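Next comes entry.csv, with CSV, C-alpha atoms.
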chain,number,residue,atom,x,y,z
A,1,MET,CA,0.0,0.0,0.0
A,2,LEU,CA,2.9,2.4,0.7
A,3,ARG,CA,4.2,1.9,-2.8
A,4,ALA,CA,0.7,2.5,-4.2
A,5,ALA,CA,0.5,5.7,-2.1
A,6,TYR,CA,3.9,6.9,-3.4
A,7,ARG,CA,2.9,6.3,-7.0
A,8,ILE,CA,-0.2,8.5,-6.9
A,9,LEU,CA,1.4,11.4,-5.0
A,10,ARG,CA,2.7,14.4,-6.9
A,11,PRO,CA,6.4,15.2,-6.5
A,12,GLY,CA,6.7,17.0,-3.2
A,13,GLY,CA,3.4,15.6,-2.0
A,14,THR,CA,3.0,14.3,1.5
A,15,ALA,CA,1.7,11.1,3.0
A,16,ALA,CA,0.7,10.9,6.7
A,17,PHE,CA,-0.6,7.7,8.3
A,18,ALA,CA,-1.9,6.8,11.7
A,19,VAL,CA,-0.6,3.3,12.3
A,20,ILE,CA,-0.7,0.7,15.1
A,21,ALA,CA,2.5,-1.3,15.6
A,22,LEU,CA,4.0,-4.0,17.8
A,23,ALA,CA,6.6,-2.6,20.2
A,24,GLU,CA,10.2,-3.6,19.3
A,25,GLY,CA,11.0,-7.1,20.3
A,26,VAL,CA,7.4,-8.1,20.9
A,27,GLU,CA,6.2,-11.1,18.9
A,28,ARG,CA,2.5,-11.2,17.7
A,29,SER,CA,2.3,-14.6,19.4
A,30,ALA,CA,3.0,-12.9,22.7
A,31,LEU,CA,-0.3,-11.0,22.5
A,32,HIS,CA,-3.7,-12.4,23.2
A,33,GLU,CA,-5.3,-13.3,19.9
A,34,ASP,CA,-8.0,-10.7,20.4
A,35,ALA,CA,-5.6,-7.9,21.5
A,36,GLY,CA,-6.1,-5.2,18.9
A,37,PRO,CA,-6.0,-5.2,15.1
A,38,PRO,CA,-3.9,-7.7,13.1
A,39,HIS,CA,-0.4,-6.6,12.3
A,40,PRO,CA,1.8,-6.9,9.2
A,41,GLU,CA,4.3,-9.7,8.9
A,42,THR,CA,7.3,-7.5,9.2
A,43,ASP,CA,9.9,-6.9,11.9
A,44,GLU,CA,10.7,-3.5,10.5
A,45,GLY,CA,9.1,-0.3,11.7
A,46,TYR,CA,6.9,1.9,9.5
A,47,PRO,CA,9.5,4.7,9.0
A,48,LEU,CA,11.8,2.1,7.4
A,49,LEU,CA,9.0,0.7,5.3
A,50,MET,CA,8.2,4.2,4.1
A,51,GLU,CA,11.8,4.9,3.2
A,52,ARG,CA,11.9,1.6,1.2
A,53,ALA,CA,8.8,2.7,-0.7
A,54,GLY,CA,10.7,5.9,-1.7
A,55,PHE,CA,9.6,8.5,0.8
A,56,VAL,CA,12.0,11.1,2.1
A,57,ASP,CA,11.9,13.3,5.2
A,58,VAL,CA,10.2,10.5,7.1
A,59,ASP,CA,9.0,11.5,10.6
A,60,CYS,CA,7.3,9.5,13.3
A,61,ILE,CA,5.3,10.9,16.2
A,62,ASP,CA,4.4,8.5,19.1
A,63,VAL,CA,0.7,8.9,20.1
A,64,SER,CA,0.5,5.8,22.2
A,65,ALA,CA,-0.7,7.7,25.3
A,66,GLU,CA,-3.7,9.0,23.4
A,67,TYR,CA,-4.2,5.5,21.9
A,68,LEU,CA,-4.6,4.1,25.5
A,69,GLU,CA,-7.0,6.9,26.3
A,70,THR,CA,-9.3,6.3,23.3
A,71,THR,CA,-9.2,2.5,23.6
A,72,THR,CA,-10.1,2.7,27.2
A,73,GLY,CA,-12.7,5.3,26.2
A,74,TRP,CA,-14.4,2.9,23.8
A,75,LEU,CA,-14.4,0.2,26.5
A,76,ASN,CA,-15.9,2.4,29.1
A,77,GLY,CA,-18.2,4.2,26.6
A,78,TRP,CA,-19.8,0.9,25.5
A,79,GLU,CA,-20.2,-0.1,29.2
A,80,SER,CA,-22.0,3.1,29.9
A,81,GLU,CA,-24.5,2.4,27.1
A,82,ALA,CA,-24.6,-1.4,27.8
A,83,ASP,CA,-28.3,-1.8,28.0
A,84,GLU,CA,-29.0,-0.1,24.7
A,85,LEU,CA,-26.0,-1.7,22.9
A,86,ARG,CA,-26.8,-5.2,24.1
A,87,LYS,CA,-30.3,-4.7,22.5
A,88,LEU,CA,-28.7,-3.4,19.3
A,89,VAL,CA,-25.9,-5.9,18.7
A,90,GLY,CA,-27.0,-8.8,20.8
A,91,ILE,CA,-25.7,-10.0,24.2
A,92,ASP,CA,-23.1,-12.4,22.8
A,93,ALA,CA,-21.6,-9.9,20.3
A,94,PHE,CA,-21.5,-7.2,23.0
A,95,ASP,CA,-19.7,-9.5,25.4
A,96,LEU,CA,-17.3,-10.6,22.7
A,97,GLN,CA,-16.5,-7.0,21.6
A,98,GLN,CA,-15.9,-5.9,25.2
A,99,GLY,CA,-13.7,-8.9,25.9
A,100,ARG,CA,-11.6,-7.9,22.9
A,101,ARG,CA,-11.4,-4.3,24.1
A,102,ARG,CA,-10.2,-5.4,27.5
A,103,GLN,CA,-7.4,-7.5,25.8
A,104,HIS,CA,-6.6,-4.5,23.6
A,105,VAL,CA,-6.3,-2.1,26.6
A,106,SER,CA,-4.2,-4.6,28.5
A,107,ALA,CA,-1.7,-4.9,25.6
A,108,ILE,CA,-1.4,-1.1,25.3
A,109,GLU,CA,-0.9,-0.8,29.1
A,110,ARG,CA,1.9,-3.4,28.9
A,111,GLY,CA,3.6,-1.4,26.2
A,112,GLN,CA,3.1,-4.2,23.6
A,113,LEU,CA,1.1,-2.1,21.2
A,114,LEU,CA,2.0,1.4,20.1
A,115,ARG,CA,0.4,4.0,17.8
A,116,TYR,CA,2.2,6.5,15.6
A,117,LEU,CA,1.6,9.3,13.1
A,118,VAL,CA,4.1,8.5,10.4
A,119,SER,CA,4.7,11.0,7.6
A,120,GLY,CA,6.9,11.4,4.6
A,121,ARG,CA,7.3,13.2,1.3
A,122,ARG,CA,7.6,12.1,-2.3
A,123,ARG,CA,10.8,13.5,-3.9
B,1,MET,CA,-7.2,-17.4,15.2
B,2,MET,CA,-6.8,-14.0,13.7
B,3,ALA,CA,-9.7,-13.0,11.4
B,4,GLU,CA,-9.1,-13.4,7.7
B,5,PRO,CA,-9.4,-10.3,5.5
B,6,GLU,CA,-12.8,-11.4,4.2
B,7,ASP,CA,-14.1,-11.9,7.7
B,8,LEU,CA,-12.8,-8.4,8.7
B,9,ILE,CA,-14.6,-6.8,5.7
B,10,GLU,CA,-17.8,-8.6,6.8
B,11,LEU,CA,-17.4,-7.4,10.4
B,12,HIS,CA,-17.0,-3.8,9.1
B,13,ARG,CA,-20.0,-4.2,6.8
B,14,ALA,CA,-22.2,-5.3,9.8
B,15,ARG,CA,-20.9,-2.4,11.9
B,16,TYR,CA,-21.5,0.2,9.3
B,17,ARG,CA,-25.1,-0.8,9.0
B,18,MET,CA,-25.7,0.4,12.6
B,19,VAL,CA,-23.2,3.3,13.1
B,20,GLU,CA,-25.9,6.0,13.0
B,21,GLU,CA,-27.7,4.5,16.0
B,22,PRO,CA,-28.0,7.1,18.8
B,23,ALA,CA,-26.3,5.0,21.5
B,24,LEU,CA,-23.2,4.5,19.2
B,25,MET,CA,-23.2,8.2,18.3
B,26,ARG,CA,-23.2,9.1,22.0
B,27,VAL,CA,-20.2,6.9,22.7
B,28,GLU,CA,-18.3,8.2,19.7
B,29,ARG,CA,-18.9,11.9,20.8
B,30,GLN,CA,-17.7,10.9,24.3
B,31,VAL,CA,-14.5,9.1,23.1
B,32,ILE,CA,-13.2,11.0,20.0
B,33,GLY,CA,-15.4,14.1,20.1
B,34,CYS,CA,-17.2,13.6,16.8
B,35,ASP,CA,-20.2,11.7,15.3
B,36,TYR,CA,-19.2,10.4,12.0
B,37,GLY,CA,-20.0,6.7,12.7
B,38,ALA,CA,-16.4,6.0,13.5
B,39,SER,CA,-14.8,3.4,15.8
B,40,SER,CA,-11.4,5.0,15.3
B,41,TYR,CA,-8.5,5.8,17.7
B,42,THR,CA,-8.0,9.1,15.8
B,43,THR,CA,-9.1,12.0,18.0
B,44,MET,CA,-10.1,15.4,16.7
B,45,ALA,CA,-6.7,16.8,17.9
B,46,GLN,CA,-4.9,14.1,15.9
B,47,ALA,CA,-7.1,14.7,12.8
B,48,ASP,CA,-6.0,18.4,13.0
B,49,ARG,CA,-2.4,17.2,13.4
B,50,LEU,CA,-2.7,14.9,10.4
B,51,ALA,CA,-4.2,17.8,8.3
B,52,GLY,CA,-1.2,19.9,9.3
B,53,LEU,CA,1.3,17.2,8.3
B,54,LEU,CA,-0.5,16.8,5.0
B,55,ARG,CA,-0.4,20.6,4.4
B,56,LEU,CA,-4.1,20.5,3.4
B,57,GLY,CA,-5.8,23.7,2.2
B,58,PRO,CA,-8.0,25.1,-0.6
B,59,GLY,CA,-6.9,23.8,-4.0
B,60,LYS,CA,-5.4,20.6,-2.6
B,61,THR,CA,-6.7,17.2,-3.4
B,62,PHE,CA,-6.1,14.3,-0.9
B,63,LEU,CA,-6.8,10.6,-0.8
B,64,ASP,CA,-8.0,8.7,2.3
B,65,ILE,CA,-7.3,5.0,1.9
B,66,GLY,CA,-9.6,2.9,4.0
B,67,CYS,CA,-11.9,5.8,4.8
B,68,GLY,CA,-14.6,3.7,6.6
B,69,ALA,CA,-17.6,6.0,7.3
B,70,GLY,CA,-15.6,9.1,6.5
B,71,TRP,CA,-13.8,10.0,9.7
B,72,PRO,CA,-11.4,11.8,9.8
B,73,ALA,CA,-11.2,12.7,6.0
B,74,ILE,CA,-14.5,14.6,5.8
B,75,TYR,CA,-13.7,16.6,8.9
B,76,MET,CA,-10.2,17.4,7.5
B,77,ALA,CA,-11.7,18.5,4.2
B,78,ALA,CA,-14.4,20.6,5.9
B,79,SER,CA,-11.9,22.3,8.3
B,80,THR,CA,-9.2,23.0,5.6
B,81,GLY,CA,-11.0,23.5,2.3
B,82,ALA,CA,-9.1,20.6,0.7
B,83,ARG,CA,-10.9,18.2,-1.7
B,84,PRO,CA,-11.1,14.6,-0.4
B,85,ILE,CA,-11.2,11.4,-2.4
B,86,LEU,CA,-12.4,8.6,-0.1
B,87,THR,CA,-11.8,4.9,-0.8
B,88,ASP,CA,-12.6,1.7,1.0
B,89,ILE,CA,-14.1,-1.7,0.2
B,90,PRO,CA,-17.2,-2.0,2.4
B,91,TRP,CA,-20.0,-0.2,0.5
B,92,GLU,CA,-22.0,0.3,3.6
B,93,GLY,CA,-19.3,2.6,5.1
B,94,LEU,CA,-19.1,4.5,1.9
B,95,GLU,CA,-22.8,5.2,2.0
B,96,VAL,CA,-22.5,6.7,5.5
B,97,ALA,CA,-19.6,8.8,4.3
B,98,SER,CA,-21.5,9.9,1.2
B,99,ARG,CA,-24.5,11.1,3.4
B,100,ARG,CA,-22.1,12.9,5.7
B,101,SER,CA,-20.2,14.6,2.9
B,102,ARG,CA,-23.5,16.0,1.5
B,103,ARG,CA,-24.6,17.1,4.9
B,104,ASP,CA,-21.3,18.9,5.6
B,105,GLY,CA,-21.2,20.4,2.1
B,106,VAL,CA,-17.9,18.7,1.3
B,107,ALA,CA,-17.4,18.3,-2.5
B,108,GLY,CA,-15.2,15.3,-3.0
B,109,ALA,CA,-15.5,11.8,-4.5
B,110,ILE,CA,-16.1,8.4,-3.1
B,111,VAL,CA,-14.5,5.3,-4.8
B,112,CYS,CA,-15.0,1.7,-3.9
B,113,ALA,CA,-11.4,0.4,-4.1
B,114,SER,CA,-8.7,-1.6,-2.3
B,115,GLY,CA,-5.6,0.3,-0.9
B,116,VAL,CA,-3.2,-2.1,-2.7
B,117,ALA,CA,-4.8,-1.6,-6.1
B,118,LEU,CA,-5.7,2.1,-6.2
B,119,PRO,CA,-7.5,3.0,-9.5
B,120,PHE,CA,-5.9,6.4,-9.9
B,121,ARG,CA,-3.3,7.8,-12.3
B,122,ASP,CA,0.3,8.5,-11.2
B,123,MET,CA,1.1,11.7,-9.4
B,124,MET,CA,-2.6,12.7,-9.1
B,125,PHE,CA,-2.8,13.8,-5.4
B,126,HIS,CA,-1.2,16.5,-3.3
B,127,ALA,CA,-1.5,14.3,-0.2
B,128,VAL,CA,-2.4,10.7,0.9
B,129,THR,CA,-3.6,9.5,4.3
B,130,SER,CA,-5.0,6.6,6.2
B,131,SER,CA,-5.9,5.9,9.8
B,132,ASP,CA,-5.3,2.4,11.3
B,133,VAL,CA,-5.3,0.7,7.9
B,134,LEU,CA,-1.6,-0.1,8.2
B,135,CYS,CA,-1.7,-2.2,11.4
Entire entry expressed as structure tokens:
Amino acid sequence: MLRAAYRILRPGGTAAFAVIALAEGVERSALHEDAGPPHPETDEGYPLLMERAGFVDVDCIDVSAEYLETTTGWLNGWESEADELRKLVGIDAFDLQQGRRRQHVSAIERGQLLRYLVSGRRR
Amino acid sequence: MMAEPEDLIELHRARYRMVEEPALMRVERQVIGCDYGASSYTTMAQADRLAGLLRLGPGKTFLDIGCGAGWPAIYMAASTGARPILTDIPWEGLEVASRRSRRDGVAGAIVCASGVALPFRDMMFHAVTSSDVLC
């Protein structure tokens, strides 16, 4: 996808992506299977992947603290609307979703999952 | 087992069918400060930050890959004057995004396409973004 993004950018154009990544040294298998979104099969960080796709002036801003806040927010927000949302999505789906969110929050709290704003420019 | 791509798309389809329900909108406003039908981790402050990194403004055209129901691209377009092109696979999310674009008076385009096979000509965009697609 990074190569496709580079191709369609004008020279000097900018790409900026919000990305979720495994912390360095953390294997996907170390996380609970429901902990957060799936991850790419790469040990390399996104800045390096962007450089390999041709981007220059690559920058990376860590927004993991806000990531924990929003993920916890979704968990607590759904809990605060539990009666309504159980009716809407069904009891089993509600419990499954909230269980996943607890695993997700736990992985971020342990520093296993991070979130970045990664940007770069086409030459 | 991790969900397969097709399963994930189906999960998103099911979610987009109900994103405009009042209870979900209340939670979304509480968590990320907006009501676009998102389940994103991108807050309004981060959307502003992304728009700044992308140098969006009037006369600029930008692509959002994996736009979901339109957050944060429609917001970034409305707040900067840039023209958004939104792409994703689940049609249900694109319909929500289309309604919101019309409501916000954002003149862009919506294209059903995968991020790895973008149907656009070379060097067409001033900026490209995505939120939590690369993960």
Taking a cut-off of 8 Å and counting all atoms listed in the file, can you build a table that, for each residue of chain A near chain B, reports the nearest atom pair and how far apart they are in Å (one decimal), sorted by chain then residue number, as a Markdown table?
| residue | atom | partner | partner_atom | distance |
| --- | --- | --- | --- | --- |
| A:Met1 | CA | B:Val116 | CA | 4.7 |
| A:Ala4 | CA | B:Val116 | CA | 6.2 |
| A:Ala5 | CA | B:Val128 | CA | 6.5 |
| A:Arg7 | CA | B:Asp122 | CA | 5.4 |
| A:Ile8 | CA | B:Met123 | CA | 4.3 |
| A:Leu9 | CA | B:Met123 | CA | 4.4 |
| A:Arg10 | CA | B:Met123 | CA | 4.0 |
| A:Pro11 | CA | B:Met123 | CA | 7.0 |
| A:Gly12 | CA | B:His126 | CA | 7.9 |
| A:Gly13 | CA | B:His126 | CA | 4.9 |
| A:Thr14 | CA | B:Ala127 | CA | 4.8 |
| A:Ala15 | CA | B:Val128 | CA | 4.6 |
| A:Ala16 | CA | B:Thr129 | CA | 5.1 |
| A:Phe17 | CA | B:Ser130 | CA | 5.0 |
| A:Ala18 | CA | B:Ser131 | CA | 4.5 |
| A:Val19 | CA | B:Asp132 | CA | 4.9 |
| A:Ile20 | CA | B:Cys135 | CA | 4.8 |
| A:Ala21 | CA | B:Cys135 | CA | 6.0 |
| A:Glu33 | CA | B:Met2 | CA | 6.4 |
| A:Asp34 | CA | B:Met2 | CA | 7.6 |
| A:Pro37 | CA | B:Cys135 | CA | 6.4 |
| A:Pro38 | CA | B:Cys135 | CA | 6.2 |
| A:His39 | CA | B:Cys135 | CA | 4.7 |
| A:Pro40 | CA | B:Cys135 | CA | 6.3 |
| A:Tyr67 | CA | B:Tyr41 | CA | 6.0 |
| A:Thr70 | CA | B:Tyr41 | CA | 5.7 |
| A:Thr71 | CA | B:Tyr41 | CA | 6.8 |
| A:Gly73 | CA | B:Val31 | CA | 5.2 |
| A:Trp74 | CA | B:Val31 | CA | 6.2 |
| A:Gly77 | CA | B:Val27 | CA | 5.1 |
| A:Trp78 | CA | B:Val27 | CA | 6.6 |
| A:Glu81 | CA | B:Ala23 | CA | 6.4 |
| A:Glu84 | CA | B:Ala23 | CA | 6.6 |
| A:Leu85 | CA | B:Ala23 | CA | 6.9 |
| A:Leu117 | CA | B:Leu50 | CA | 7.6 |
| A:Ser119 | CA | B:Leu53 | CA | 7.1 |
Which of A:Gly90, A:Asp95, A:Glu109, A:Arg123 sits closest to Val56 in chain A [using all atoms listed in the file]: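 The closest residue to Val56 in chain A is A:Arg123.
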Separation of CA of Gly120 in chain A from CA of Met50 in chain A in Å: 7.3 Å
Pick from A:Val26, A:Leu75, A:Ala82, A:Leu114, whichever lies nearest to Gly99 in chain A using all atoms listed in the file: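 For Gly99 in chain A, the nearest of the candidates is A:Leu75.
The nearest approach to Asp62 in chain A among the residues A:Gln98, A:Tyr46, A:Leu88, A:Arg110, with all atoms listed in the file taken into account, belongs to A:Tyr46.
When CA of Gly111 in chain A is paired with CA of Thr72 in chain A, their separation reads 14.3 Å.
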Selected residue of minimal separation from Cys60 in chain A among A:Arg28, A:Gln103, A:Gln112, A:Gly45, counting all atoms listed in the file: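 When distances to Cys60 in chain A are compared using all atoms listed in the file, the smallest one comes from A:Gly45.
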